Structure formats: structure tokens, C-alpha cells
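Undergrad: Please find target_32.cif (mmCIF, C-alpha atoms and all ligand atoms) on the next line:
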```cif
data_coords
#
loop_
_atom_site.label_atom_id
_atom_site.label_comp_id
_atom_site.auth_asym_id
_atom_site.auth_seq_id
_atom_site.Cartn_x
_atom_site.Cartn_y
_atom_site.Cartn_z
CA MET C 1 48.52 -12.34 -41.82
CA THR C 2 51.03 -15.18 -42.01
CA GLY C 3 51.97 -17.64 -39.38
CA ARG C 4 54.47 -20.38 -38.97
CA LEU C 5 54.47 -24.07 -39.73
CA VAL C 6 56.87 -26.41 -37.95
CA ILE C 7 57.05 -30.07 -38.98
CA ALA C 8 58.49 -31.81 -35.96
CA GLY C 9 59.66 -35.29 -35.00
CA LEU C 10 58.66 -36.55 -31.55
CA GLY C 11 61.29 -39.29 -31.49
CA PRO C 12 60.56 -42.98 -30.89
CA GLY C 13 58.49 -42.59 -27.72
CA ALA C 14 60.40 -41.57 -24.60
CA ASP C 15 60.00 -37.96 -23.44
CA ASP C 16 63.75 -37.54 -22.97
CA LEU C 17 64.32 -38.44 -26.62
CA VAL C 18 62.33 -35.41 -27.82
CA THR C 19 64.80 -32.67 -28.78
CA PRO C 20 64.74 -29.39 -26.79
CA GLN C 21 64.09 -27.59 -30.10
CA VAL C 22 60.86 -29.57 -30.62
CA VAL C 23 59.80 -29.07 -26.97
CA GLN C 24 60.19 -25.32 -27.46
CA ALA C 25 58.20 -25.35 -30.73
CA LEU C 26 55.37 -27.25 -29.00
CA ASP C 27 55.41 -24.73 -26.12
CA MET C 28 54.89 -21.89 -28.62
CA ALA C 29 52.27 -23.63 -30.78
CA THR C 30 48.64 -22.52 -31.07
CA ASP C 31 47.74 -25.69 -32.99
CA VAL C 32 49.16 -29.21 -33.14
CA VAL C 33 48.18 -31.43 -36.07
CA GLY C 34 48.87 -35.13 -36.56
CA TYR C 35 47.90 -38.78 -36.49
CA ILE C 36 45.86 -39.64 -33.35
CA PRO C 37 48.54 -41.58 -31.35
CA TYR C 38 51.18 -38.91 -32.01
CA VAL C 39 48.93 -35.99 -31.04
CA LYS C 40 48.11 -37.89 -27.81
CA ARG C 41 51.77 -37.49 -26.85
CA VAL C 42 51.37 -33.69 -26.69
CA PRO C 43 50.04 -32.51 -23.30
CA PRO C 44 46.97 -30.26 -23.62
CA ARG C 45 47.21 -26.71 -22.24
CA PRO C 46 45.15 -23.52 -22.47
CA GLY C 47 45.67 -21.76 -25.79
CA LEU C 48 46.61 -24.95 -27.63
CA THR C 49 44.19 -26.70 -29.99
CA LEU C 50 44.95 -30.35 -30.78
CA HIS C 51 43.83 -31.59 -34.23
CA ALA C 52 44.11 -35.39 -34.27
CA SER C 53 43.19 -37.26 -37.44
CA ASP C 54 43.19 -40.81 -38.70
CA ASN C 55 45.80 -42.65 -40.72
CA ARG C 56 45.87 -42.26 -44.52
CA VAL C 57 44.60 -38.65 -44.55
CA GLU C 58 48.08 -37.15 -44.65
CA LEU C 59 47.42 -34.76 -47.54
CA ASP C 60 44.19 -33.39 -45.97
CA ARG C 61 46.05 -32.96 -42.68
CA ALA C 62 48.95 -31.20 -44.43
CA THR C 63 46.62 -28.84 -46.31
CA HIS C 64 44.73 -28.03 -43.10
CA ALA C 65 48.02 -27.22 -41.34
CA LEU C 66 49.22 -25.00 -44.21
CA ASP C 67 45.87 -23.16 -44.27
CA MET C 68 45.95 -22.52 -40.52
CA ALA C 69 49.52 -21.21 -40.75
CA ALA C 70 48.47 -18.95 -43.65
CA ASP C 71 45.75 -17.57 -41.34
CA GLY C 72 48.40 -16.49 -38.84
CA ARG C 73 48.42 -19.48 -36.46
CA THR C 74 51.58 -21.10 -35.11
CA VAL C 75 51.15 -24.69 -36.19
CA VAL C 76 53.20 -27.78 -35.39
CA VAL C 77 52.66 -30.92 -37.46
CA VAL C 78 53.90 -33.89 -35.45
CA SER C 79 55.29 -37.22 -36.61
CA SER C 80 56.85 -39.99 -34.60
CA GLY C 81 60.59 -40.41 -34.97
CA ASP C 82 61.91 -38.04 -37.61
CA PRO C 83 59.35 -36.15 -39.73
CA GLY C 84 61.39 -36.66 -42.89
CA VAL C 85 61.49 -40.47 -42.61
CA PHE C 86 58.31 -42.05 -44.05
CA ALA C 87 56.33 -39.29 -42.38
CA MET C 88 54.64 -35.88 -42.57
CA ALA C 89 57.42 -33.61 -43.93
CA ALA C 90 57.17 -35.07 -47.42
CA ALA C 91 53.34 -35.04 -47.17
CA VAL C 92 53.36 -31.31 -46.33
CA PHE C 93 55.63 -30.60 -49.31
CA GLU C 94 53.45 -32.73 -51.61
CA ALA C 95 50.49 -30.56 -50.57
CA LEU C 96 52.53 -27.35 -50.97
CA ASP C 97 53.66 -28.48 -54.41
CA THR C 98 50.04 -28.53 -55.65
CA ASP C 99 49.82 -24.72 -55.29
CA PRO C 100 53.07 -23.13 -54.06
CA GLU C 101 51.73 -19.57 -54.54
CA LYS C 102 48.83 -20.16 -52.15
CA TRP C 103 51.16 -20.67 -49.18
CA ALA C 104 54.13 -18.61 -50.42
CA ASP C 105 54.24 -16.43 -47.28
CA VAL C 106 54.14 -19.22 -44.70
CA ASP C 107 57.40 -19.77 -42.80
CA ILE C 108 58.12 -23.49 -42.76
CA GLU C 109 60.72 -25.31 -40.68
CA VAL C 110 61.43 -29.04 -40.38
CA MET C 111 62.74 -30.09 -36.97
CA PRO C 112 64.47 -33.48 -36.88
CA GLY C 113 63.80 -36.26 -34.41
CA ILE C 114 65.39 -39.58 -33.54
CA THR C 115 64.14 -42.06 -36.09
CA ALA C 116 63.12 -45.59 -35.07
CA MET C 117 66.03 -47.39 -36.74
CA LEU C 118 68.59 -45.27 -34.88
CA ALA C 119 66.86 -45.74 -31.53
CA ALA C 120 66.67 -49.50 -32.20
CA ALA C 121 70.27 -49.71 -33.43
CA ALA C 122 71.48 -47.95 -30.29
CA ARG C 123 69.68 -50.51 -28.10
CA ALA C 124 71.18 -53.45 -30.03
CA GLY C 125 74.74 -52.11 -30.32
CA ALA C 126 75.83 -50.68 -33.69
CA PRO C 127 74.27 -52.82 -36.45
CA LEU C 128 74.21 -49.78 -38.77
CA GLY C 129 77.91 -49.08 -38.17
CA HIS C 130 78.75 -49.34 -41.89
CA ASP C 131 76.72 -48.71 -45.09
CA PHE C 132 73.01 -49.30 -44.65
CA CYS C 133 69.64 -48.51 -46.19
CA ALA C 134 66.08 -48.02 -44.95
CA ILE C 135 63.11 -49.52 -46.77
CA ASN C 136 59.43 -48.94 -46.07
CA LEU C 137 57.77 -52.35 -46.51
CA SER C 138 54.27 -50.91 -46.84
CA ASP C 139 52.82 -51.27 -50.31
CA ASN C 140 50.11 -48.65 -49.68
CA LEU C 141 51.95 -46.03 -51.73
CA LYS C 142 54.16 -48.13 -54.03
CA PRO C 143 53.88 -51.49 -55.78
CA TRP C 144 55.17 -54.64 -54.10
CA ASP C 145 57.36 -55.44 -57.15
CA LEU C 146 59.39 -52.31 -56.46
CA ILE C 147 59.83 -53.26 -52.79
CA GLU C 148 61.07 -56.70 -53.80
CA LYS C 149 63.45 -55.20 -56.39
CA ARG C 150 64.92 -52.80 -53.81
CA LEU C 151 65.25 -55.60 -51.28
CA LYS C 152 67.21 -57.76 -53.74
CA LEU C 153 69.44 -54.85 -54.75
CA ALA C 154 70.14 -54.00 -51.09
CA VAL C 155 71.17 -57.62 -50.50
CA ALA C 156 73.34 -57.56 -53.65
CA GLY C 157 75.01 -54.37 -52.38
CA ASP C 158 75.57 -56.04 -49.00
CA PHE C 159 73.89 -53.23 -47.07
CA ALA C 160 72.60 -53.65 -43.55
CA MET C 161 68.87 -52.93 -43.86
CA ALA C 162 66.24 -51.31 -41.67
CA PHE C 163 62.61 -52.12 -42.46
CA TYR C 164 59.85 -49.73 -41.43
CA ASN C 165 56.13 -50.60 -41.48
CA PRO C 166 57.01 -54.31 -41.76
CA ARG C 167 53.61 -55.84 -41.14
CA SER C 168 50.07 -54.71 -40.45
CA LYS C 169 46.74 -56.49 -39.98
CA SER C 170 45.68 -55.36 -43.46
CA ARG C 171 49.02 -56.46 -45.02
CA PRO C 172 50.02 -59.67 -43.18
CA GLU C 173 51.65 -61.31 -46.23
CA GLY C 174 54.22 -58.66 -47.30
CA PHE C 175 56.74 -59.24 -44.53
CA ALA C 176 56.52 -63.03 -45.04
CA ARG C 177 57.43 -62.47 -48.69
CA ALA C 178 60.30 -60.16 -47.69
CA LEU C 179 61.65 -62.84 -45.34
CA GLN C 180 61.41 -65.45 -48.11
CA VAL C 181 63.49 -63.21 -50.39
CA LEU C 182 66.09 -62.65 -47.66
CA GLN C 183 66.20 -66.33 -46.70
CA ALA C 184 66.78 -67.25 -50.37
CA GLU C 185 69.52 -64.65 -50.88
CA CYS C 186 71.45 -64.41 -47.57
CA GLY C 187 73.14 -66.91 -45.29
CA ASP C 188 71.14 -68.59 -42.50
CA ASP C 189 73.14 -66.91 -39.74
CA ARG C 190 72.53 -63.29 -40.75
CA PRO C 191 71.41 -61.47 -37.55
CA VAL C 192 67.88 -60.08 -37.62
CA ILE C 193 66.84 -57.63 -34.89
CA PHE C 194 63.16 -57.21 -34.13
CA ALA C 195 62.89 -53.98 -32.15
CA ARG C 196 59.37 -53.26 -30.93
CA ALA C 197 58.13 -50.03 -29.33
CA VAL C 198 61.66 -48.86 -28.62
CA SER C 199 61.96 -46.41 -25.70
CA THR C 200 58.37 -47.01 -24.53
CA PRO C 201 57.18 -49.18 -21.61
CA ASP C 202 56.29 -51.88 -24.20
CA GLU C 203 59.82 -52.09 -25.61
CA MET C 204 60.97 -55.55 -26.67
CA LEU C 205 64.17 -56.43 -28.53
CA ARG C 206 64.90 -59.85 -29.96
CA THR C 207 67.82 -60.93 -32.17
CA VAL C 208 67.57 -64.19 -34.11
CA PRO C 209 69.46 -65.76 -37.01
CA LEU C 210 67.69 -65.21 -40.33
CA SER C 211 66.81 -68.93 -40.54
CA GLN C 212 64.69 -68.51 -37.38
CA ALA C 213 63.02 -65.21 -38.29
CA GLN C 214 59.23 -65.57 -38.48
CA PRO C 215 56.68 -63.14 -39.94
CA ASP C 216 54.74 -62.88 -36.67
CA MET C 217 57.80 -61.54 -34.84
CA ALA C 218 57.00 -58.12 -36.37
CA ASP C 219 54.02 -55.81 -36.20
CA MET C 220 53.40 -52.14 -36.97
CA ARG C 221 55.26 -51.04 -33.83
CA THR C 222 58.39 -52.94 -34.89
CA VAL C 223 61.39 -51.82 -36.88
CA VAL C 224 63.39 -54.75 -38.24
CA ILE C 225 67.14 -54.50 -38.79
CA VAL C 226 68.89 -57.13 -40.90
CA GLY C 227 72.67 -57.18 -40.76
CA SER C 228 75.04 -57.21 -43.74
CA SER C 229 77.27 -60.23 -44.36
CA ARG C 230 79.84 -58.52 -42.07
CA THR C 231 77.53 -57.95 -39.08
CA ARG C 232 78.69 -59.73 -35.94
CA ILE C 233 77.29 -60.67 -32.55
CA VAL C 234 79.50 -60.28 -29.48
CA GLY C 235 78.31 -62.46 -26.61
CA ARG C 236 78.52 -60.83 -23.17
CA ALA C 237 77.14 -61.81 -19.77
CA LYS C 238 75.32 -58.45 -19.71
CA GLY C 239 73.62 -59.24 -23.04
CA ALA C 240 74.83 -59.74 -26.60
CA LEU C 241 75.84 -56.77 -28.78
CA VAL C 242 75.24 -56.66 -32.52
CA TYR C 243 77.57 -54.52 -34.61
CA THR C 244 78.73 -54.02 -38.17
CA PRO C 245 82.45 -53.23 -38.45
CA ARG C 246 83.39 -49.91 -40.03
CA SER C 247 85.61 -51.43 -42.70
CA VAL C 248 85.46 -54.00 -45.50
CA PRO C 249 88.76 -55.62 -46.51
CA ALA C 250 89.89 -54.83 -50.07
C1 LIG C 301 54.94 -44.42 -40.60
S1 LIG C 301 56.50 -45.00 -40.05
C2 LIG C 301 57.05 -43.58 -39.22
C3 LIG C 301 58.54 -43.57 -38.99
C4 LIG C 301 58.98 -42.38 -38.16
N1 LIG C 301 58.82 -41.16 -38.89
C5 LIG C 301 60.43 -42.51 -37.70
O1 LIG C 301 61.28 -41.73 -38.15
O2 LIG C 301 60.70 -43.40 -36.88
C6 LIG C 301 55.99 -46.06 -38.72
C7 LIG C 301 56.99 -47.20 -38.52
O3 LIG C 301 58.12 -46.71 -37.79
C8 LIG C 301 58.63 -47.72 -36.97
N2 LIG C 301 58.60 -47.24 -35.57
C9 LIG C 301 58.17 -46.05 -35.16
N3 LIG C 301 58.37 -45.89 -33.82
C10 LIG C 301 58.96 -47.04 -33.41
C11 LIG C 301 59.43 -47.49 -32.14
N4 LIG C 301 59.34 -46.74 -31.03
N5 LIG C 301 59.99 -48.72 -32.08
C12 LIG C 301 60.10 -49.49 -33.19
N6 LIG C 301 59.67 -49.10 -34.41
C13 LIG C 301 59.11 -47.90 -34.52
C14 LIG C 301 57.78 -48.97 -37.18
O4 LIG C 301 58.38 -49.73 -38.22
C15 LIG C 301 56.48 -48.34 -37.68
O5 LIG C 301 55.74 -49.28 -38.46
#
```
Would you kindly transcribe this structure into C-alpha cells?
Ligand SMILES: C[S@@+](CC[C@H](N)C(=O)[O-])C[C@H]1O[C@@H](n2cnc3c(N)ncnc32)[C@H](O)[C@@H]1O

TA:
Amino acid sequence: MTGRLVIAGLGPGADDLVTPQVVQALDMATDVVGYIPYVKRVPPRPGLTLHASDNRVELDRATHALDMAADGRTVVVVSSGDPGVFAMAAAVFEALDTDPEKWADVDIEVMPGITAMLAAAARAGAPLGHDFCAINLSDNLKPWDLIEKRLKLAVAGDFAMAFYNPRSKSRPEGFARALQVLQAECGDDRPVIFARAVSTPDEMLRTVPLSQAQPDMADMRTVVIVGSSRTRIVGRAKGALVYTPRSVPA
């Protein structure tokens, strides 16, 4: 018997930012698998088993989900935002890659969600309106030297940048180092957007010039967007807008 495995993004937090496709997949699921706070976002109902697990057990969680689908269950693995952005889709495929034959009959579908940087950018204006990159600042799965190298190259390429996982209690120093790199390489006025818990009741957005950006302005619920050299702030009585123009003069 073979079942189905959906890897779905729940969006940044608000119910109305979950796609109808994901809502439908959750309605049909027999099992939902994911990190505790994300599984909490799925309402319990008869016939649905919720499997919540802790951080840093992504491969065990992925293997469990694949095994349940192979047993004929209809499984949804949930991530926040988009499941392909620093999240469970890659983890499921890493698990699958260890033994592709074992799960060869399982139907697998990835359903996109609204990732944090896009939800945050929409609140601020259009800071990602031209070329940009996204960097995960966590050094749990890659060395810090590589993060610093990518940061410097992104600055050299004059990309706007979105930083995920900027700062956690166990890694308080990484984001401070990232800010030092940026402050050494970019102008003082470069806009930095700290977007916390976007689309939830705890949402807070704050835009400061790079010279005033402080490490403690970010935590694990914050995505940080740093403008390119072209990013501008338009002052308005209804609140400033940050945008990056679509063109760069020749
Ligand atoms: C493990 S990553 C998961 C990213 C997720 N897959 C996505 O596409 O948004 C967790 C990081 O995403 C960012 N994040 C997730 N939801 C957010 C929200 N509602 N507001 C701001 N940042 C958020 C934060 O940087 C957080 O540390």
C-alpha cells in the first residue's frame, strides 16, 4: 500500500496567508508532522494524528513521514513560510536520498507558502524590488567562515539581502559579527529592516540606518532585510516606504 506525502508551507503566521491548496491538503491528511510550534497551527480534528517534534530532528521527522506515507497514510509535513526555504522540503529529500528505492512508490508533492522575507518586504514596501539574495545566518549546518564569505560577496555584488535565523540564545554572537562586516563594507545610511513575527499579533517592524543597527534588534522570530546601495526610503505621513528601484543606470 502506498500513500501520499505533501510537504507544505504554512506561510508566515496569519491564517489568510495559508494557500487554499495547503488548506485542502491539511483537510485530507491523516497525519501532520513537524516542529512543535508549526504543528500547533494545525487545528486538531477526528481522524487526524498530529506528530510534533523538537528542533534539530529534521531527518528523523522526515524519515518518519516517508515511512508513514509508504504504509498508506496521507501525510503532510509542515514548515513555516515556504517549505523549500531553509525548511523541511530539503530535509525530506536528504532522507529520501539515503535510500531512494525504499520509498520509490510514495507520491510526493511540495506545496509552496509565503516565505518570511516576502511577507516582511510587502509590509515595508518593496525592498527586494531588484536583485537580492537570502542567507541563513545559522551556523548549525555550515561553518561561520562560509557565511562571512557569502555576506561579503553579496555586498560586493550590491544585492539587497534577507537574513533568516539571524540570532538565537545559543548563537548570540553571529549576528553581531554579521553587522560588523556590513558596517565595515557598506555606507552608514543603508536601510536595515527588522521584521519580527510578521503577520502575527506580535508583529513589529523597525527600519534603521545601518549605523544604528544593533544585534539585540533581532531574534529567532525576526527576518532582517538590508537594502542595496540603491535602496531608498520615501517618507509619508502614513508611514515611510522602503523600496529598491527596478533599474541600475549603465
Ligand atoms: C528555519 S527558518 C524557516 C523559514 C521558513 N521556511 C520561511 O520560508 O519563512 C526560521 C526563520 O524564518 C524567519 N521567519 C519565519 N517566520 C517569520 C515571521 N513571521 N516573521 C519574521 N521572520 C520569520 C526568521 O528569520 C526565523 O528565524

Undergrad: Could the residues that lie within 8 Å of ligand LIG 301 (chain C), counting only C-alpha atoms and all ligand atoms, be listed as a PyMOL selection string?

TA: chain C and resi 9+11-13+79-88+113-117+119-120+136+163-167+195-200+203+219-224

Undergrad: Can you tell me, as lines of an AutoDock Vina configuration file, the centre and edge lengths (Å, one decimal) of the axis-aligned box enclosing all of segment 59-70 of chain C's listed atoms after padding each side by 6 Å?

TA:
```
center_x = 46.9
center_y = -26.9
center_z = -44.0
size_x = 17.3
size_y = 27.8
size_z = 19.0
```

Undergrad: Per residue of segment 53-136 of chain C within 12 Å of segment 237-241 of chain C, what are the shortest atom pair and its distance in Å to one decimal, counting all atoms listed in the file, with rows by chain and residue number, as CSV?

TA:
```
residue,atom,partner,partner_atom,distance
C:Ala121,CA,C:Leu241,CA,10.1
C:Ala122,CA,C:Leu241,CA,10.0
C:Arg123,CA,C:Leu241,CA,8.8
C:Ala124,CA,C:Leu241,CA,5.9
C:Gly125,CA,C:Leu241,CA,5.0
C:Ala126,CA,C:Leu241,CA,7.8
C:Pro127,CA,C:Leu241,CA,8.8
```

Undergrad: Contacts of Asp216 of chain C at 9 Å or less, counting all atoms listed in the file, minus same-chain residues fewer than 4 places along, as a list of chain:residue names?

TA: C:Arg167, C:Pro172, C:Phe175, C:Ala176

Undergrad: Looking at all atoms listed in the file, which of C:Ala156, C:Val106, C:Ile135, C:Ala65 is the one that sits closest to Thr30 of chain C?

TA: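 Counting all atoms listed in the file, the residue closest to Thr30 of chain C is C:Ala65.
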
Undergrad: What's the separation between atom CA of Met204 of chain C and atom CA of Ala52 of chain C, in Å to one decimal place?

TA: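 Between atom CA of Met204 of chain C and atom CA of Ala52 of chain C the gap works out to 27.4 Å.
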
Undergrad: Which polymer residues have any atom within 10 Å of an atom of Leu182 of chain C, counting all atoms listed in the file, with same-chain residues fewer than 3 positions away left out, as a ChimeraX atom specification?

TA: /C:148,151-152,155,176-179,185-188,190,210-211,226

Undergrad: When you draw a straight line from atom CA of Pro43 of chain C to atom CA of Val110 of chain C, how long is it in Å?

TA: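 A separation of 20.8 Å between them.
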
Undergrad: Would you kindly identify which residues have an atom no farther than 9 Å from (51.6, -17.4, -38.4), using all atoms listed in the file and the file's own coordinates, and write them out as a compact mmCIF listing (two decimals) with C-alpha atoms, keeping the file's coordinate frame?

TA:
```txt
# COMPACT_ATOMS: atom_id res chain seq x y z
CA MET C 1 48.52 -12.34 -41.82
CA THR C 2 51.03 -15.18 -42.01
CA GLY C 3 51.97 -17.64 -39.38
CA ARG C 4 54.47 -20.38 -38.97
CA LEU C 5 54.47 -24.07 -39.73
CA MET C 68 45.95 -22.52 -40.52
CA ALA C 69 49.52 -21.21 -40.75
CA ALA C 70 48.47 -18.95 -43.65
CA ASP C 71 45.75 -17.57 -41.34
CA GLY C 72 48.40 -16.49 -38.84
CA ARG C 73 48.42 -19.48 -36.46
CA THR C 74 51.58 -21.10 -35.11
CA VAL C 75 51.15 -24.69 -36.19
CA VAL C 106 54.14 -19.22 -44.70
CA ASP C 107 57.40 -19.77 -42.80
```

Undergrad: Which residue is closest to Gly174 of chain C? Choose from C:Ala218, C:Ile193, C:Ile7, C:Val57 and count all atoms listed in the file.

TA: C:Ala218

Undergrad: So, with all atoms listed in the file as the atoms that count, which of C:Asp67, C:Glu94, C:Asp54, C:Asp131 lies closest to Ala160 of chain C?

TA: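 Comparing C:Asp67, C:Glu94, C:Asp54, C:Asp131 against Ala160 of chain C, the winner is C:Asp131.
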